[in-house]
>>> print(open('protein.txt').read())   # compact mmCIF, N, CA, C and O atoms and all ligand atoms
# COMPACT_ATOMS: atom_id res chain seq x y z
N MET A 1388 -9.43 -48.30 -36.23
CA MET A 1388 -9.56 -48.06 -34.80
C MET A 1388 -9.57 -49.41 -34.06
O MET A 1388 -10.39 -50.25 -34.35
N SER A 1389 -8.67 -49.55 -33.15
CA SER A 1389 -8.62 -50.80 -32.41
C SER A 1389 -9.60 -50.74 -31.24
O SER A 1389 -9.82 -49.68 -30.67
N HIS A 1390 -10.13 -51.86 -30.93
CA HIS A 1390 -11.09 -51.92 -29.84
C HIS A 1390 -10.46 -52.70 -28.69
O HIS A 1390 -10.31 -53.90 -28.76
N ARG A 1391 -10.09 -51.97 -27.65
CA ARG A 1391 -9.49 -52.64 -26.50
C ARG A 1391 -10.46 -52.63 -25.33
O ARG A 1391 -11.33 -51.78 -25.26
N ASN A 1392 -10.23 -53.53 -24.46
CA ASN A 1392 -11.17 -53.71 -23.36
C ASN A 1392 -10.42 -53.81 -22.03
O ASN A 1392 -10.69 -54.65 -21.20
N ASP A 1393 -9.47 -52.92 -21.87
CA ASP A 1393 -8.65 -52.98 -20.67
C ASP A 1393 -9.43 -52.57 -19.43
O ASP A 1393 -9.23 -53.09 -18.35
N VAL A 1394 -10.30 -51.63 -19.59
CA VAL A 1394 -11.07 -51.13 -18.44
C VAL A 1394 -12.27 -52.04 -18.20
O VAL A 1394 -13.00 -52.37 -19.12
N GLY A 1395 -12.42 -52.41 -16.97
CA GLY A 1395 -13.55 -53.27 -16.64
C GLY A 1395 -13.42 -54.63 -17.27
O GLY A 1395 -14.36 -55.15 -17.86
N SER A 1396 -12.24 -55.19 -17.17
CA SER A 1396 -11.97 -56.45 -17.86
C SER A 1396 -12.50 -57.65 -17.09
O SER A 1396 -12.53 -58.75 -17.62
N THR A 1397 -12.92 -57.44 -15.87
CA THR A 1397 -13.49 -58.54 -15.11
C THR A 1397 -14.96 -58.25 -14.84
O THR A 1397 -15.36 -57.08 -14.83
N PRO A 1398 -15.75 -59.29 -14.63
CA PRO A 1398 -17.17 -59.05 -14.32
C PRO A 1398 -17.34 -58.14 -13.12
O PRO A 1398 -18.25 -57.31 -13.09
N PHE A 1399 -16.46 -58.29 -12.14
CA PHE A 1399 -16.59 -57.46 -10.94
C PHE A 1399 -16.35 -56.00 -11.27
O PHE A 1399 -17.06 -55.12 -10.81
N ASP A 1400 -15.32 -55.73 -12.08
CA ASP A 1400 -15.03 -54.34 -12.46
C ASP A 1400 -16.19 -53.72 -13.21
O ASP A 1400 -16.54 -52.58 -13.00
N ARG A 1401 -16.76 -54.51 -14.09
CA ARG A 1401 -17.89 -53.98 -14.85
C ARG A 1401 -19.06 -53.68 -13.93
O ARG A 1401 -19.73 -52.67 -14.07
N MET A 1402 -19.28 -54.58 -12.98
CA MET A 1402 -20.39 -54.37 -12.06
C MET A 1402 -20.13 -53.16 -11.18
O MET A 1402 -21.03 -52.37 -10.90
N ALA A 1403 -18.88 -53.00 -10.75
CA ALA A 1403 -18.54 -51.88 -9.87
C ALA A 1403 -18.78 -50.56 -10.58
O ALA A 1403 -19.33 -49.62 -10.01
N SER A 1404 -18.39 -50.47 -11.82
CA SER A 1404 -18.58 -49.22 -12.54
C SER A 1404 -20.06 -48.99 -12.81
O SER A 1404 -20.53 -47.86 -12.82
N HIS A 1405 -20.78 -50.07 -12.98
CA HIS A 1405 -22.22 -49.93 -13.15
C HIS A 1405 -22.85 -49.37 -11.88
O HIS A 1405 -23.68 -48.48 -11.92
N MET A 1406 -22.44 -49.91 -10.74
CA MET A 1406 -23.05 -49.49 -9.48
C MET A 1406 -22.62 -48.08 -9.11
O MET A 1406 -23.30 -47.40 -8.35
N ASP A 1407 -21.47 -47.63 -9.63
CA ASP A 1407 -21.07 -46.26 -9.37
C ASP A 1407 -22.08 -45.28 -9.94
O ASP A 1407 -22.26 -44.18 -9.45
N ARG A 1408 -22.72 -45.71 -11.00
CA ARG A 1408 -23.69 -44.82 -11.62
C ARG A 1408 -25.10 -45.07 -11.11
O ARG A 1408 -26.02 -44.33 -11.43
N GLU A 1409 -25.24 -46.13 -10.35
CA GLU A 1409 -26.58 -46.45 -9.84
C GLU A 1409 -27.04 -45.36 -8.88
O GLU A 1409 -26.27 -44.87 -8.07
N ASP A 1410 -28.27 -45.00 -9.00
CA ASP A 1410 -28.75 -43.91 -8.16
C ASP A 1410 -28.86 -44.33 -6.70
O ASP A 1410 -29.09 -45.48 -6.39
N LEU A 1411 -28.63 -43.38 -5.84
CA LEU A 1411 -28.71 -43.64 -4.41
C LEU A 1411 -29.93 -42.93 -3.82
O LEU A 1411 -29.98 -42.67 -2.64
N ASP A 1412 -30.86 -42.60 -4.68
CA ASP A 1412 -32.08 -41.98 -4.17
C ASP A 1412 -32.92 -43.03 -3.44
O ASP A 1412 -33.17 -44.11 -3.97
N CYS A 1413 -33.33 -42.68 -2.27
CA CYS A 1413 -34.13 -43.61 -1.48
C CYS A 1413 -35.54 -43.68 -2.04
O CYS A 1413 -36.21 -42.66 -2.19
N PRO A 1414 -36.01 -44.89 -2.35
CA PRO A 1414 -37.38 -45.03 -2.86
C PRO A 1414 -38.42 -44.85 -1.77
O PRO A 1414 -39.61 -44.67 -2.06
N GLU A 1415 -37.99 -44.93 -0.54
CA GLU A 1415 -38.94 -44.83 0.57
C GLU A 1415 -39.28 -43.38 0.91
O GLU A 1415 -40.43 -43.01 1.08
N CYS A 1416 -38.24 -42.57 1.04
CA CYS A 1416 -38.47 -41.19 1.49
C CYS A 1416 -38.01 -40.16 0.46
O CYS A 1416 -38.22 -38.96 0.64
N GLY A 1417 -37.34 -40.63 -0.59
CA GLY A 1417 -36.92 -39.71 -1.64
C GLY A 1417 -35.63 -38.98 -1.34
O GLY A 1417 -35.22 -38.10 -2.09
N HIS A 1418 -34.97 -39.37 -0.25
CA HIS A 1418 -33.70 -38.72 0.11
C HIS A 1418 -32.64 -39.02 -0.94
O HIS A 1418 -32.46 -40.17 -1.35
N GLU A 1419 -31.92 -37.98 -1.36
CA GLU A 1419 -30.84 -38.20 -2.32
C GLU A 1419 -29.52 -38.27 -1.56
O GLU A 1419 -29.01 -37.27 -1.08
N ASP A 1420 -29.00 -39.46 -1.47
CA ASP A 1420 -27.77 -39.68 -0.71
C ASP A 1420 -26.57 -39.44 -1.62
O ASP A 1420 -25.91 -40.36 -2.08
N GLU A 1421 -26.29 -38.17 -1.84
CA GLU A 1421 -25.28 -37.82 -2.83
C GLU A 1421 -23.88 -38.27 -2.43
O GLU A 1421 -23.04 -38.54 -3.27
N ASP A 1422 -23.63 -38.31 -1.13
CA ASP A 1422 -22.31 -38.71 -0.67
C ASP A 1422 -22.26 -40.20 -0.33
O ASP A 1422 -21.25 -40.71 0.12
N GLY A 1423 -23.37 -40.85 -0.53
CA GLY A 1423 -23.45 -42.26 -0.14
C GLY A 1423 -22.80 -43.17 -1.16
O GLY A 1423 -22.51 -42.78 -2.28
N ARG A 1424 -22.57 -44.36 -0.72
CA ARG A 1424 -22.02 -45.38 -1.60
C ARG A 1424 -22.70 -46.70 -1.31
O ARG A 1424 -23.17 -46.94 -0.21
N TRP A 1425 -22.70 -47.55 -2.32
CA TRP A 1425 -23.14 -48.91 -2.08
C TRP A 1425 -22.02 -49.66 -1.36
O TRP A 1425 -20.86 -49.58 -1.75
N ARG A 1426 -22.37 -50.34 -0.32
CA ARG A 1426 -21.38 -51.20 0.34
C ARG A 1426 -21.33 -52.52 -0.40
O ARG A 1426 -22.37 -53.08 -0.77
N VAL A 1427 -20.14 -52.98 -0.58
CA VAL A 1427 -19.95 -54.17 -1.40
C VAL A 1427 -19.46 -55.33 -0.56
O VAL A 1427 -18.56 -55.18 0.25
N GLN A 1428 -20.10 -56.46 -0.73
CA GLN A 1428 -19.63 -57.69 -0.11
C GLN A 1428 -19.55 -58.75 -1.18
O GLN A 1428 -20.48 -58.93 -1.97
N THR A 1429 -18.46 -59.44 -1.19
CA THR A 1429 -18.33 -60.53 -2.16
C THR A 1429 -18.22 -61.84 -1.42
O THR A 1429 -17.58 -61.93 -0.37
N SER A 1430 -18.86 -62.83 -1.97
CA SER A 1430 -18.72 -64.18 -1.42
C SER A 1430 -18.91 -65.15 -2.56
O SER A 1430 -19.94 -65.15 -3.21
N GLY A 1431 -17.88 -65.94 -2.79
CA GLY A 1431 -17.96 -66.85 -3.90
C GLY A 1431 -18.11 -66.09 -5.20
O GLY A 1431 -17.38 -65.15 -5.47
N GLY A 1432 -19.07 -66.46 -6.00
CA GLY A 1432 -19.29 -65.78 -7.26
C GLY A 1432 -20.36 -64.72 -7.17
O GLY A 1432 -20.89 -64.27 -8.17
N ARG A 1433 -20.67 -64.31 -5.95
CA ARG A 1433 -21.76 -63.35 -5.79
C ARG A 1433 -21.25 -62.04 -5.23
O ARG A 1433 -20.36 -62.00 -4.41
N VAL A 1434 -21.86 -60.98 -5.69
CA VAL A 1434 -21.56 -59.66 -5.16
C VAL A 1434 -22.84 -59.10 -4.58
O VAL A 1434 -23.88 -59.08 -5.24
N ARG A 1435 -22.75 -58.64 -3.35
CA ARG A 1435 -23.92 -58.06 -2.71
C ARG A 1435 -23.68 -56.59 -2.48
O ARG A 1435 -22.67 -56.20 -1.90
N TYR A 1436 -24.64 -55.80 -2.89
CA TYR A 1436 -24.58 -54.36 -2.66
C TYR A 1436 -25.66 -53.99 -1.66
O TYR A 1436 -26.79 -54.42 -1.77
N THR A 1437 -25.27 -53.18 -0.70
CA THR A 1437 -26.21 -52.73 0.31
C THR A 1437 -26.10 -51.22 0.46
O THR A 1437 -25.01 -50.67 0.49
N HIS A 1438 -27.24 -50.60 0.53
CA HIS A 1438 -27.25 -49.16 0.78
C HIS A 1438 -28.29 -48.85 1.84
O HIS A 1438 -29.44 -49.28 1.74
N VAL A 1439 -27.85 -48.15 2.87
CA VAL A 1439 -28.77 -47.77 3.94
C VAL A 1439 -29.04 -46.28 3.83
O VAL A 1439 -28.12 -45.47 3.84
N CYS A 1440 -30.29 -45.94 3.74
CA CYS A 1440 -30.66 -44.53 3.65
C CYS A 1440 -30.35 -43.84 4.98
O CYS A 1440 -30.81 -44.29 6.03
N PRO A 1441 -29.56 -42.77 4.95
CA PRO A 1441 -29.22 -42.06 6.19
C PRO A 1441 -30.39 -41.27 6.75
O PRO A 1441 -30.34 -40.79 7.88
N SER A 1442 -31.41 -41.12 5.97
CA SER A 1442 -32.55 -40.32 6.40
C SER A 1442 -33.61 -41.15 7.10
O SER A 1442 -34.06 -40.82 8.19
N CYS A 1443 -33.99 -42.25 6.49
CA CYS A 1443 -35.08 -43.05 7.06
C CYS A 1443 -34.64 -44.47 7.42
O CYS A 1443 -35.38 -45.20 8.05
N GLY A 1444 -33.42 -44.84 7.03
CA GLY A 1444 -32.91 -46.14 7.43
C GLY A 1444 -33.35 -47.29 6.54
O GLY A 1444 -33.08 -48.44 6.84
N ALA A 1445 -34.01 -46.96 5.45
CA ALA A 1445 -34.42 -48.02 4.53
C ALA A 1445 -33.19 -48.70 3.92
O ALA A 1445 -32.22 -48.04 3.57
N ILE A 1446 -33.26 -50.00 3.84
CA ILE A 1446 -32.12 -50.75 3.32
C ILE A 1446 -32.46 -51.30 1.93
O ILE A 1446 -33.49 -51.94 1.73
N ARG A 1447 -31.59 -51.00 1.02
CA ARG A 1447 -31.74 -51.55 -0.33
C ARG A 1447 -30.63 -52.56 -0.54
O ARG A 1447 -29.49 -52.31 -0.22
N LYS A 1448 -30.99 -53.66 -1.11
CA LYS A 1448 -30.00 -54.70 -1.36
C LYS A 1448 -30.10 -55.17 -2.80
O LYS A 1448 -31.20 -55.29 -3.35
N ARG A 1449 -28.97 -55.43 -3.35
CA ARG A 1449 -28.93 -56.03 -4.68
C ARG A 1449 -27.88 -57.11 -4.68
O ARG A 1449 -26.80 -56.93 -4.13
N THR A 1450 -28.23 -58.19 -5.26
CA THR A 1450 -27.28 -59.29 -5.34
C THR A 1450 -27.07 -59.67 -6.80
O THR A 1450 -28.02 -59.81 -7.56
N TYR A 1451 -25.82 -59.78 -7.16
CA TYR A 1451 -25.50 -60.16 -8.52
C TYR A 1451 -24.69 -61.44 -8.52
O TYR A 1451 -23.79 -61.61 -7.70
N ASP A 1452 -25.03 -62.30 -9.41
CA ASP A 1452 -24.27 -63.53 -9.58
C ASP A 1452 -23.34 -63.34 -10.75
O ASP A 1452 -23.78 -63.10 -11.87
N LEU A 1453 -22.06 -63.39 -10.46
CA LEU A 1453 -21.08 -63.15 -11.51
C LEU A 1453 -20.92 -64.36 -12.43
O LEU A 1453 -20.29 -64.28 -13.46
N GLY A 1454 -21.48 -65.45 -12.01
CA GLY A 1454 -21.42 -66.63 -12.85
C GLY A 1454 -20.02 -67.19 -13.00
O GLY A 1454 -19.72 -67.87 -13.96
N GLY A 1455 -19.16 -66.86 -12.03
CA GLY A 1455 -17.78 -67.32 -12.11
C GLY A 1455 -17.61 -68.68 -11.46
O GLY A 1455 -18.55 -69.47 -11.40
N GLU A 1456 -16.43 -68.89 -10.92
CA GLU A 1456 -16.15 -70.18 -10.32
C GLU A 1456 -16.86 -70.41 -9.00
O GLU A 1456 -17.41 -69.71 -8.34
ZN ZN A 1501 -35.01 -42.94 2.96
>>> encode(input="protein.txt", output="structure tokens")
Amino acid sequence: MSHRNDVGSTPFDRMASHMDREDLDCPECGHEDEDGRWRVQTSGGRVRYTHVCPSCGAIRKRTYDLGGE
């Protein structure tokens, strides 16, 4: 069995697929934002994810350093 790594071959792709599975439940009010998505901003080697709860407006942020150039 060959082991290929075509999917998610870049750090960003891997992070994106990870965040797709990240829960969007608001820790503040417990709202489940099933249709919500993390907004993605990239700058340099960093990726910033932001999610605003549509129910209470709580903002969650996550920043990842891709360790690239
Ligand atoms: Zn909330």
>>> atom_distance(input="protein.txt", atom1="atom CA of Pro1414 of chain A", atom2="atom C of Ala1445 of chain A")
8.8 Å
>>> closest_residue(input="protein.txt", among="A:Asp1412, A:Asp1452, A:Asp1400, A:Glu1421", to="ligand ZN 1501 (chain A)", atoms="all atoms listed in the file")
A:Asp1412
>>> closest_residue(input="protein.txt", among="A:Leu1453, A:Val1439, A:Val1427, A:Cys1416", to="ligand ZN 1501 (chain A)", atoms="all atoms listed in the file")
A:Cys1416
>>> residues_near_ligand(input="protein.txt", ligand="ligand ZN 1501 (chain A)", cutoff="6 Å", atoms="only N, CA, C and O atoms and all ligand atoms", output="JSON, numbers by chain")
{"A": [1413, 1414, 1415, 1416, 1417, 1418, 1440, 1441, 1442, 1443, 1444, 1445]}
>>> atom_distance(input="protein.txt", atom1="atom CA of Gly1454 of chain A", atom2="atom O of Gly1432 of chain A")
5.3 Å
>>> atom_distance(input="protein.txt", atom1="atom N of Ser1396 of chain A", atom2="atom CA of Arg1447 of chain A")
26.0 Å
>>> residues_around(input="protein.txt", residues="His1438 of chain A", least_positions_apart="6", cutoff="6 Å", atoms="all atoms listed in the file", output="ChimeraX atom specification")
/A:1424-1426,1445-1448
>>> select_by_dssp(input="protein.txt", residues="chain A", states="helix (DSSP H, G or I)", output="PyMOL selection string")
chain A and resi 1398-1408
>>> residues_around(input="protein.txt", residues="Gln1428 of chain A", least_positions_apart="5", cutoff="8 Å", atoms="all atoms listed in the file", output="list in words")
Arg1433, Val1434, Arg1435, Tyr1436, Thr1437, Arg1449, Thr1450 and Tyr1451 of chain A
>>> select_by_dssp(input="protein.txt", residues="segment 1393-1450 of chain A", states="strand (DSSP E)", output="PyMOL selection string")
chain A and resi 1426-1430+1433-1439+1446-1450
>>> axis_aligned_box(input="protein.txt", around="segment 1424-1440 of chain A", padding_each_side="6 Å", output="AutoDock Vina command-line options")
--center_x -24.1 --center_y -55.3 --center_z -1.1 --size_x 25.4 --size_y 35.0 --size_z 26.2
